[in-house]
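Trainee: Structure supplied as model_36.pdb; contents: PDB, C-alpha atoms, pLDDT in the B column.
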```
ATOM      1  CA  MET A  27       3.415  19.146 -22.067  1.00 90.00           C
ATOM      2  CA  ARG A  28       2.371  22.218 -20.102  1.00 94.00           C
ATOM      3  CA  ARG A  29      -0.832  20.725 -18.683  1.00 96.00           C
ATOM      4  CA  PRO A  30       0.732  17.556 -17.240  1.00 96.00           C
ATOM      5  CA  LEU A  31       3.508  19.622 -15.639  1.00 95.00           C
ATOM      6  CA  LYS A  32       0.954  21.999 -14.173  1.00 96.00           C
ATOM      7  CA  PHE A  33      -0.984  19.034 -12.763  1.00 96.00           C
ATOM      8  CA  VAL A  34       2.156  17.516 -11.191  1.00 96.00           C
ATOM      9  CA  HIS A  35       3.088  20.922  -9.756  1.00 96.00           C
ATOM     10  CA  THR A  36      -0.389  21.357  -8.263  1.00 96.00           C
ATOM     11  CA  VAL A  37      -0.431  17.875  -6.713  1.00 97.00           C
ATOM     12  CA  ALA A  38       3.068  18.368  -5.310  1.00 97.00           C
ATOM     13  CA  THR A  39       2.032  21.724  -3.852  1.00 97.00           C
ATOM     14  CA  ALA A  40      -0.962  20.151  -2.117  1.00 97.00           C
ATOM     15  CA  THR A  41       1.285  17.391  -0.792  1.00 97.00           C
ATOM     16  CA  LEU A  42       3.819  19.938   0.442  1.00 97.00           C
ATOM     17  CA  VAL A  43       1.155  21.923   2.278  1.00 97.00           C
ATOM     18  CA  GLY A  44      -0.242  18.738   3.820  1.00 97.00           C
ATOM     19  CA  ALA A  45       3.193  17.613   4.983  1.00 96.00           C
ATOM     20  CA  LEU A  46       3.900  21.024   6.496  1.00 96.00           C
ATOM     21  CA  ALA A  47       0.522  20.981   8.256  1.00 97.00           C
ATOM     22  CA  LEU A  48       1.296  17.535   9.668  1.00 95.00           C
ATOM     23  CA  GLN A  49       4.706  18.732  10.862  1.00 94.00           C
ATOM     24  CA  LEU A  50       3.079  21.728  12.554  1.00 94.00           C
ATOM     25  CA  LEU A  51       0.427  19.561  14.183  1.00 93.00           C
ATOM     26  CA  MET A  52       2.998  17.056  15.437  1.00 90.00           C
ATOM     27  CA  ALA A  53       5.237  19.842  16.784  1.00 87.00           C
ATOM     28  CA  TRP A  54       2.284  21.435  18.550  1.00 89.00           C
ATOM     29  CA  ARG A  55       0.980  18.162  19.991  1.00 85.00           C
ATOM     30  CA  TYR A  56       4.340  16.757  21.091  1.00 81.00           C
ATOM     31  CA  GLY A  57       6.083  20.010  21.880  1.00 76.00           C
ATOM     32  CA  PRO A  58       7.874  21.135  25.021  1.00 75.00           C
ATOM     33  CA  GLY A  59       5.181  19.710  27.312  1.00 73.00           C
ATOM     34  CA  VAL A  60       6.257  16.128  26.573  1.00 72.00           C
ATOM     35  CA  ALA A  61       9.472  14.863  28.145  1.00 70.00           C
ATOM     36  CA  ALA A  62      12.284  14.458  25.609  1.00 67.00           C
ATOM     37  CA  GLY A  63      13.029  10.892  26.706  1.00 71.00           C
ATOM     38  CA  ASP A  64       9.398   9.794  26.608  1.00 79.00           C
ATOM     39  CA  ALA A  65       8.735   6.915  24.213  1.00 83.00           C
ATOM     40  CA  LEU A  66       5.714   8.753  22.804  1.00 82.00           C
ATOM     41  CA  ALA A  67       7.849  11.803  21.985  1.00 80.00           C
ATOM     42  CA  LEU A  68      10.541   9.652  20.407  1.00 84.00           C
ATOM     43  CA  GLY A  69       7.943   7.926  18.229  1.00 87.00           C
ATOM     44  CA  ALA A  70       6.482  11.268  17.218  1.00 85.00           C
ATOM     45  CA  ARG A  71       9.917  12.563  16.271  1.00 86.00           C
ATOM     46  CA  GLN A  72      10.533   9.471  14.170  1.00 91.00           C
ATOM     47  CA  VAL A  73       7.240  10.092  12.356  1.00 91.00           C
ATOM     48  CA  MET A  74       8.296  13.685  11.729  1.00 91.00           C
ATOM     49  CA  VAL A  75      11.640  12.527  10.327  1.00 94.00           C
ATOM     50  CA  ASP A  76       9.924   9.998   8.062  1.00 95.00           C
ATOM     51  CA  VAL A  77       7.422  12.573   6.808  1.00 95.00           C
ATOM     52  CA  SER A  78      10.258  14.973   6.080  1.00 95.00           C
ATOM     53  CA  ARG A  79      12.346  12.367   4.304  1.00 96.00           C
ATOM     54  CA  TRP A  80       9.667  10.657   2.210  1.00 97.00           C
ATOM     55  CA  VAL A  81       7.006  13.347   1.643  1.00 96.00           C
ATOM     56  CA  LEU A  82       8.173  16.883   2.388  1.00 95.00           C
ATOM     57  CA  VAL A  83      11.534  16.971   0.612  1.00 96.00           C
ATOM     58  CA  PRO A  84      10.461  15.138  -2.583  1.00 96.00           C
ATOM     59  CA  SER A  85       7.369  17.313  -2.963  1.00 96.00           C
ATOM     60  CA  LEU A  86       9.474  20.424  -2.346  1.00 95.00           C
ATOM     61  CA  VAL A  87      11.862  19.336  -5.093  1.00 95.00           C
ATOM     62  CA  VAL A  88       8.986  18.815  -7.533  1.00 95.00           C
ATOM     63  CA  VAL A  89       7.388  22.150  -6.672  1.00 94.00           C
ATOM     64  CA  VAL A  90      10.622  24.081  -7.088  1.00 91.00           C
TER      65      VAL A  90
END
```
How would this structure read if it were set down as structure tokens?
Mentor:
Amino acid sequence: MRRPLKFVHTVATATLVGALALQLLMAWRYGPGVAAGDALALGARQVMVDVSRWVLVPSLVVVV
């Protein structure tokens, strides 16, 4: 039982780091230089919300 849990923990950790890296990249790319009402910025924010909801939070729950 220990080995499968360790594997799931390791995969979830890698997923968590990847999701955080994507969030950082998106925040850097579409940061204060892009107008808040711009369609590109709104799309980027929606991607960040989706990544948080479907990848970041579930992997954080599994890691913890």
Trainee: Within 12 Å of Met74 in chain A, counting all atoms listed in the file, which residues show up once you throw out same-chain ones fewer than 3 positions away? Write them as a list in words, please.
Mentor: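 Using all atoms listed in the file, the neighbours found are Ala45, Leu46, Ala47, Leu48, Gln49, Leu50, Leu51, Met52, Ala53, Trp54, Arg55, Tyr56, Ala67, Leu68, Gly69, Ala70, Arg71, Val77, Ser78, Arg79, Trp80, Val81 and Leu82 of chain A.
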Trainee: Interatomic distance between CA of Met27 in chain A and CA of Val43 in chain A?
Mentor: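 Atom-to-atom, CA of Met27 in chain A to CA of Val43 in chain A, that is 24.6 Å.
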Trainee: Measuring atom to atom with all atoms listed in the file, identify which of A:Ala65, A:Val60, A:Val73, A:Leu86 is nearest to Val34 in chain A.
Mentor: A:Leu86
Trainee: To verify the selection step, state as a PyMOL selection string which residues the PyMOL selection byres ((chain A and resi 35) around 12) yields on this input.
Mentor: chain A and resi 28-34+36-42+84-90
Trainee: How would the residues just picked look written out with C-alpha atoms as a JSON list (two decimals), keeping the file's coordinate frame?
Mentor:
```
[["chain", "number", "residue", "atom", "x", "y", "z"],
["A", 28, "ARG", "CA", 2.37, 22.22, -20.10],
["A", 29, "ARG", "CA", -0.83, 20.72, -18.68],
["A", 30, "PRO", "CA", 0.73, 17.56, -17.24],
["A", 31, "LEU", "CA", 3.51, 19.62, -15.64],
["A", 32, "LYS", "CA", 0.95, 22.00, -14.17],
["A", 33, "PHE", "CA", -0.98, 19.03, -12.76],
["A", 34, "VAL", "CA", 2.16, 17.52, -11.19],
["A", 36, "THR", "CA", -0.39, 21.36, -8.26],
["A", 37, "VAL", "CA", -0.43, 17.88, -6.71],
["A", 38, "ALA", "CA", 3.07, 18.37, -5.31],
["A", 39, "THR", "CA", 2.03, 21.72, -3.85],
["A", 40, "ALA", "CA", -0.96, 20.15, -2.12],
["A", 41, "THR", "CA", 1.28, 17.39, -0.79],
["A", 42, "LEU", "CA", 3.82, 19.94, 0.44],
["A", 84, "PRO", "CA", 10.46, 15.14, -2.58],
["A", 85, "SER", "CA", 7.37, 17.31, -2.96],
["A", 86, "LEU", "CA", 9.47, 20.42, -2.35],
["A", 87, "VAL", "CA", 11.86, 19.34, -5.09],
["A", 88, "VAL", "CA", 8.99, 18.82, -7.53],
["A", 89, "VAL", "CA", 7.39, 22.15, -6.67],
["A", 90, "VAL", "CA", 10.62, 24.08, -7.09]]
```
